[in-house]
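The data block below is structure.cif; it holds mmCIF, C-alpha atoms.
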```
data_input
#
loop_
_atom_site.label_atom_id
_atom_site.label_comp_id
_atom_site.auth_asym_id
_atom_site.auth_seq_id
_atom_site.Cartn_x
_atom_site.Cartn_y
_atom_site.Cartn_z
CA MET A 1 58.47 129.61 58.82
CA ALA A 2 57.36 128.59 55.31
CA PRO A 3 56.94 124.89 54.60
CA ARG A 4 59.87 123.23 52.90
CA GLU A 5 59.53 122.28 49.27
CA ILE A 6 60.19 118.89 47.73
CA VAL A 7 63.69 118.56 46.29
CA ASP A 8 63.91 117.15 42.77
CA ALA A 9 67.05 116.91 40.63
CA ASP A 10 66.80 120.51 39.42
CA ARG A 11 66.31 121.90 42.93
CA LEU A 12 69.17 119.76 44.24
CA ARG A 13 71.54 121.01 41.54
CA GLY A 14 70.32 124.57 42.15
CA LEU A 15 71.02 124.22 45.88
CA LEU A 16 74.54 122.95 45.23
CA GLU A 17 75.20 125.77 42.75
CA GLU A 18 74.00 128.31 45.32
CA ILE A 19 76.24 126.80 47.99
CA GLY A 20 79.16 127.12 45.57
CA ARG A 21 78.30 130.75 44.77
CA THR A 22 77.71 131.74 48.40
CA PHE A 23 80.53 129.94 50.22
CA ARG A 24 83.90 130.94 48.76
CA LYS A 25 86.24 128.78 50.85
CA PRO A 26 87.24 125.15 50.22
CA ALA A 27 84.83 122.60 51.67
CA ARG A 28 83.74 119.03 51.14
CA LEU A 29 80.02 118.32 51.24
CA PHE A 30 78.84 114.71 51.46
CA LEU A 31 75.27 113.94 50.43
CA THR A 32 74.16 111.15 52.74
CA GLY A 33 70.47 110.33 52.22
CA GLY A 34 67.61 110.23 49.74
CA GLU A 35 69.10 113.08 47.73
CA THR A 36 71.77 110.62 46.58
CA MET A 37 68.97 108.60 44.99
CA VAL A 38 67.70 111.75 43.27
CA TRP A 39 71.22 112.60 42.07
CA ARG A 40 71.62 109.09 40.61
CA GLY A 41 68.24 109.37 38.85
CA LEU A 42 66.81 106.49 40.90
CA ARG A 43 64.12 108.57 42.58
CA ALA A 44 62.25 111.67 41.42
CA SER A 45 62.44 113.65 44.66
CA THR A 46 63.12 113.75 48.37
CA MET A 47 61.80 115.81 51.25
CA ASP A 48 65.14 116.55 52.92
CA VAL A 49 68.76 117.02 51.97
CA HIS A 50 70.92 115.10 54.45
CA PHE A 51 74.60 115.91 54.54
CA ALA A 52 77.92 115.78 56.31
CA PHE A 53 80.77 118.17 55.66
CA GLU A 54 84.43 118.98 56.12
CA VAL A 55 85.52 122.59 56.35
CA GLU A 56 88.48 124.33 57.95
CA PRO A 57 87.73 125.28 61.57
CA ALA A 58 88.35 128.95 60.76
CA HIS A 59 85.48 128.83 58.22
CA HIS A 60 83.06 126.67 60.19
CA ASP A 61 80.79 129.52 61.34
CA ALA A 62 80.64 131.04 57.85
CA TRP A 63 79.75 127.61 56.43
CA LEU A 64 76.88 127.18 58.87
CA GLN A 65 75.63 130.71 58.17
CA CYS A 66 75.71 129.97 54.45
CA LEU A 67 73.67 126.79 54.87
CA ARG A 68 71.18 128.42 57.26
CA GLY A 69 70.65 131.29 54.85
CA LEU A 70 70.13 129.03 51.85
CA LYS A 71 67.82 126.75 53.83
CA GLU A 72 65.51 129.71 54.46
CA ARG A 73 65.89 131.47 51.11
CA LEU A 74 65.36 128.31 49.04
CA SER A 75 62.81 126.66 51.38
CA VAL A 76 64.86 123.47 51.51
CA SER A 77 65.03 121.13 54.49
CA LEU A 78 68.74 120.67 55.26
CA GLU A 79 69.67 118.14 57.92
CA GLU A 80 73.16 117.37 59.13
CA ALA A 81 72.97 113.59 59.43
CA GLY A 82 74.80 110.63 57.98
CA PRO A 83 74.83 106.85 58.15
CA GLY A 84 77.40 106.92 60.95
CA ASP A 85 74.77 108.49 63.20
CA PHE A 86 72.77 105.25 63.02
CA ILE A 87 75.17 102.40 62.28
CA PRO A 88 78.91 101.70 62.53
CA LEU A 89 80.41 102.58 59.17
CA PRO A 90 81.80 99.61 57.25
CA PRO A 91 85.56 99.38 56.79
CA GLY A 92 86.81 101.38 53.81
CA TRP A 93 83.79 103.67 53.64
CA GLU A 94 86.00 106.75 53.12
CA GLY A 95 87.30 105.46 49.80
CA ARG A 96 83.86 104.67 48.42
CA ALA A 97 82.46 108.20 48.34
CA ARG A 98 81.89 109.24 44.71
CA HIS A 99 82.78 112.75 43.58
CA ALA A 100 79.59 114.30 42.21
CA GLY A 101 81.01 117.65 41.17
CA LYS A 102 82.71 120.88 42.13
CA PHE A 103 80.49 123.84 42.86
CA GLY A 104 82.65 126.91 43.31
CA SER A 105 85.18 125.91 45.96
CA VAL A 106 82.94 123.16 47.33
CA ASP A 107 83.57 119.56 46.32
CA VAL A 108 80.38 117.51 46.55
CA TYR A 109 80.41 113.75 47.10
CA LEU A 110 77.83 111.00 47.26
CA PHE A 111 78.55 109.24 50.55
CA ASP A 112 79.52 105.56 50.50
CA PRO A 113 76.46 103.76 49.05
CA TRP A 114 77.03 100.68 51.23
CA SER A 115 76.83 102.79 54.37
CA ILE A 116 73.71 104.58 53.12
CA ALA A 117 72.06 101.25 52.26
CA LEU A 118 72.85 99.70 55.63
CA ALA A 119 71.56 102.75 57.51
CA ARG A 120 68.34 102.62 55.47
CA ILE A 121 67.92 98.92 56.15
CA GLU A 122 68.42 99.53 59.86
CA ARG A 123 65.79 102.30 59.86
CA GLY A 124 63.38 99.94 58.17
CA HIS A 125 60.89 102.17 56.35
CA ALA A 126 59.26 100.88 53.16
CA ARG A 127 60.78 103.82 51.20
CA ASP A 128 64.22 102.87 52.56
CA PHE A 129 63.83 99.28 51.40
CA ALA A 130 62.72 100.48 47.96
CA ASP A 131 65.81 102.70 47.75
CA VAL A 132 68.14 99.81 48.59
CA ARG A 133 66.44 97.58 46.02
CA ALA A 134 66.79 100.37 43.43
CA LEU A 135 70.52 100.62 44.17
CA ILE A 136 70.83 96.85 43.67
CA ALA A 137 68.79 96.95 40.44
CA ALA A 138 71.00 99.79 39.13
CA ASP A 139 74.14 97.72 39.90
CA VAL A 140 75.36 100.31 42.40
CA LEU A 141 75.25 97.59 45.07
CA ASP A 142 75.84 93.85 44.90
CA PRO A 143 73.72 91.76 47.31
CA ALA A 144 76.64 89.52 48.35
CA GLU A 145 78.85 92.53 49.03
CA LEU A 146 76.04 94.21 50.95
CA ARG A 147 75.77 91.12 53.14
CA ARG A 148 79.57 91.17 53.66
CA HIS A 149 79.48 94.80 54.82
CA PHE A 150 76.52 93.98 57.07
CA GLU A 151 78.42 91.13 58.74
CA ALA A 152 81.44 93.41 59.20
CA ILE A 153 79.48 96.02 61.17
CA LEU A 154 77.04 93.77 63.05
CA PRO A 155 79.23 93.14 66.15
CA ALA A 156 79.81 96.88 66.69
CA TYR A 157 76.18 97.67 65.86
CA GLY A 158 75.01 95.44 68.69
CA THR A 159 76.93 97.57 71.20
CA MET A 160 75.86 101.01 69.92
CA SER A 161 72.83 101.57 72.11
CA VAL A 162 69.92 99.94 73.90
CA LYS A 163 67.80 100.52 70.77
CA ALA A 164 70.19 98.56 68.54
CA ASP A 165 68.62 95.19 67.79
CA PRO A 166 70.92 92.93 65.74
CA ARG A 167 68.20 90.33 65.12
CA ARG A 168 65.78 92.93 63.80
CA PHE A 169 68.55 94.44 61.65
CA ARG A 170 69.36 91.01 60.18
CA SER A 171 65.67 90.32 59.55
CA ARG A 172 65.38 93.61 57.66
CA LEU A 173 68.44 92.79 55.56
CA GLU A 174 66.96 89.39 54.67
CA SER A 175 63.66 91.05 53.76
CA VAL A 176 65.37 93.51 51.41
CA LEU A 177 67.49 90.82 49.76
CA ALA A 178 64.60 88.35 49.40
CA ALA A 179 62.37 90.74 47.46
CA PRO A 180 62.55 90.69 43.68
#
```

Would you write out, as structure tokens, the structure that this file holds?
Amino acid sequence: MAPREIVDADRLRGLLEEIGRTFRKPARLFLTGGETMVWRGLRASTMDVHFAFEVEPAHHDAWLQCLRGLKERLSVSLEEAGPGDFIPLPPGWEGRARHAGKFGSVDVYLFDPWSIALARIERGHARDFADVRALIAADVLDPAELRRHFEAILPAYGTMSVKADPRRFRSRLESVLAAP
């Protein structure tokens, strides 16, 4: 298998256009990771395109075949993953997805930025912290509102798994918010 190529804004748009050309049924594709930063112009590139989707059950197999084919043909790393895989989603997350465009029959959305930010804070990588700070600097996120969403999910986060560490999560939030 060939190594995957870095995804910049042009490659991301090209991927979405190819999805729209290849898959001819209605679908909703949610971008859920670093590619949202690329789409917003807050980062030059990402290694992977993380996503979630909604498609009619009758078209599910065709959707997966489409994505598998494009993953190979375009040498793009596609990973089905979203913030809800790592943290409880904050109340109202569904209404905060931003429509990014329609590509053929596929509506593409940027997933709720609060959920993305909280999942990145929980993961705790330096790149994640930089992304959250960039979202704050670009006025996509407000620090006080981020803290409010954090407090809303913290009780459920603490019961998610043995790995969930509410104190570490809070410490990471404070670190992100304390930096200039």

Let me make sure I understand: among A:Gly69, A:Pro83, A:Gly158, A:Pro143, which one has the smallest atom-to-atom distance to Leu15 of chain A if we use all atoms listed in the file? A:Gly69

Counting all atoms listed in the file, what is within 9 Å of Ala44 of chain A, bar same-chain residues fewer than 6 positions away, as a ChimeraX atom specification? /A:7-9,37-38

To verify the selection step, state as a list in words which residues the PyMOL selection byres ((chain A and resi 149) around 10) yields on this input.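 Applied to this file, the PyMOL selection byres ((chain A and resi 149) around 10) selects Leu89, Pro90, Pro91, Gly92, Trp93, Trp114, Ser115, Leu118, Pro143, Ala144, Glu145, Leu146, Arg147, Arg148, Phe150, Glu151, Ala152, Ile153 and Leu154 of chain A.
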
As an exercise, work out the distance from atom CA of Pro88 of chain A to atom CA of Ala178 of chain A in Å and give it to one decimal place.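 Rounded to one decimal, the two atoms are 23.6 Å apart.
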
Among the residues A:Glu80, A:Glu122, A:Asp131, A:Glu35, the one that comes closest to Glu174 of chain A [using only C-alpha atoms]: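 Using only C-alpha atoms, Glu174 of chain A sits closest to A:Glu122.
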
Interatomic distance between atom CA of Asp165 of chain A and atom CA of Phe30 of chain A?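 Computing the Euclidean distance for atom CA of Asp165 of chain A and atom CA of Phe30 of chain A yields 27.4 Å.
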
Ser161 of chain A surroundings by all atoms listed in the file, 12 Å radius, close-in-sequence under 3 positions cut, as number ranges by chain: A: 85-88, 156-158, 164-166

Counting all atoms listed in the file, what is within 12 Å of Phe129 of chain A, bar same-chain residues fewer than 2 positions away, as an NGL selection string? :A and (34 or 116-127 or 131-136 or 172-180)

Would you work out the distance separating atom CA of Arg28 of chain A from atom CA of Ala52 of chain A, expressed in Å to one decimal?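 Computing the Euclidean distance for atom CA of Arg28 of chain A and atom CA of Ala52 of chain A yields 8.4 Å.
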
Box in all listed atoms of segment 46-63 of chain A, axis-aligned, with 5 Å more on each side; write out centre and edge lengths in Å to one decimal as AutoDock Vina command-line options.
```
--center_x 75.1 --center_y 122.4 --center_z 55.0 --size_x 36.7 --size_y 27.3 --size_z 23.2
```

Please evaluate the PyMOL selection byres ((chain A and resi 66-68) around 8) against the structure above and give the resulting residues as an mmCIF file with C-alpha atoms, in the frame of the given file.
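To be explicit, this is the file written out as expr.cif:
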```cif
data_model
loop_
_atom_site.group_PDB
_atom_site.id
_atom_site.type_symbol
_atom_site.label_atom_id
_atom_site.label_comp_id
_atom_site.auth_asym_id
_atom_site.auth_seq_id
_atom_site.Cartn_x
_atom_site.Cartn_y
_atom_site.Cartn_z
ATOM 1 C CA ILE A 19 76.240 126.800 47.990
ATOM 2 C CA THR A 22 77.710 131.740 48.400
ATOM 3 C CA PHE A 23 80.530 129.940 50.220
ATOM 4 C CA ALA A 62 80.640 131.040 57.850
ATOM 5 C CA TRP A 63 79.750 127.610 56.430
ATOM 6 C CA LEU A 64 76.880 127.180 58.870
ATOM 7 C CA GLN A 65 75.630 130.710 58.170
ATOM 8 C CA GLY A 69 70.650 131.290 54.850
ATOM 9 C CA LEU A 70 70.130 129.030 51.850
ATOM 10 C CA LYS A 71 67.820 126.750 53.830
ATOM 11 C CA GLU A 72 65.510 129.710 54.460
ATOM 12 C CA LEU A 78 68.740 120.670 55.260
#
```

Residue by residue, what does the PyMOL selection byres ((chain A and resi 29) around 9) grab here? Present the result as a PDB file with C-alpha atoms, in the frame of the given file.
```
ATOM      1  CA  ALA A  27      84.830 122.600  51.670  1.00  0.00           C
ATOM      2  CA  ARG A  28      83.740 119.030  51.140  1.00  0.00           C
ATOM      3  CA  PHE A  30      78.840 114.710  51.460  1.00  0.00           C
ATOM      4  CA  LEU A  31      75.270 113.940  50.430  1.00  0.00           C
ATOM      5  CA  PHE A  51      74.600 115.910  54.540  1.00  0.00           C
ATOM      6  CA  ALA A  52      77.920 115.780  56.310  1.00  0.00           C
ATOM      7  CA  PHE A  53      80.770 118.170  55.660  1.00  0.00           C
ATOM      8  CA  GLU A  54      84.430 118.980  56.120  1.00  0.00           C
ATOM      9  CA  VAL A  55      85.520 122.590  56.350  1.00  0.00           C
ATOM     10  CA  VAL A 106      82.940 123.160  47.330  1.00  0.00           C
ATOM     11  CA  ASP A 107      83.570 119.560  46.320  1.00  0.00           C
ATOM     12  CA  VAL A 108      80.380 117.510  46.550  1.00  0.00           C
ATOM     13  CA  TYR A 109      80.410 113.750  47.100  1.00  0.00           C
ATOM     14  CA  LEU A 110      77.830 111.000  47.260  1.00  0.00           C
TER      15      LEU A 110
END
```

Within 6 Å of Thr32 of chain A, counting all atoms listed in the file, which residues show up once you throw out same-chain ones fewer than 3 positions away? Write them as a list in words, please.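 Here the qualifying residues turn out to be His50, Phe51, Gly82 and Phe111 of chain A.
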
Using all atoms listed in the file, find the one residue out of A:Gly33, A:Gly84, A:Gly20, A:Pro57 that sits nearest to Met160 of chain A.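 Going through A:Gly33, A:Gly84, A:Gly20, A:Pro57 one by one, the smallest distance to Met160 of chain A is for A:Gly84.
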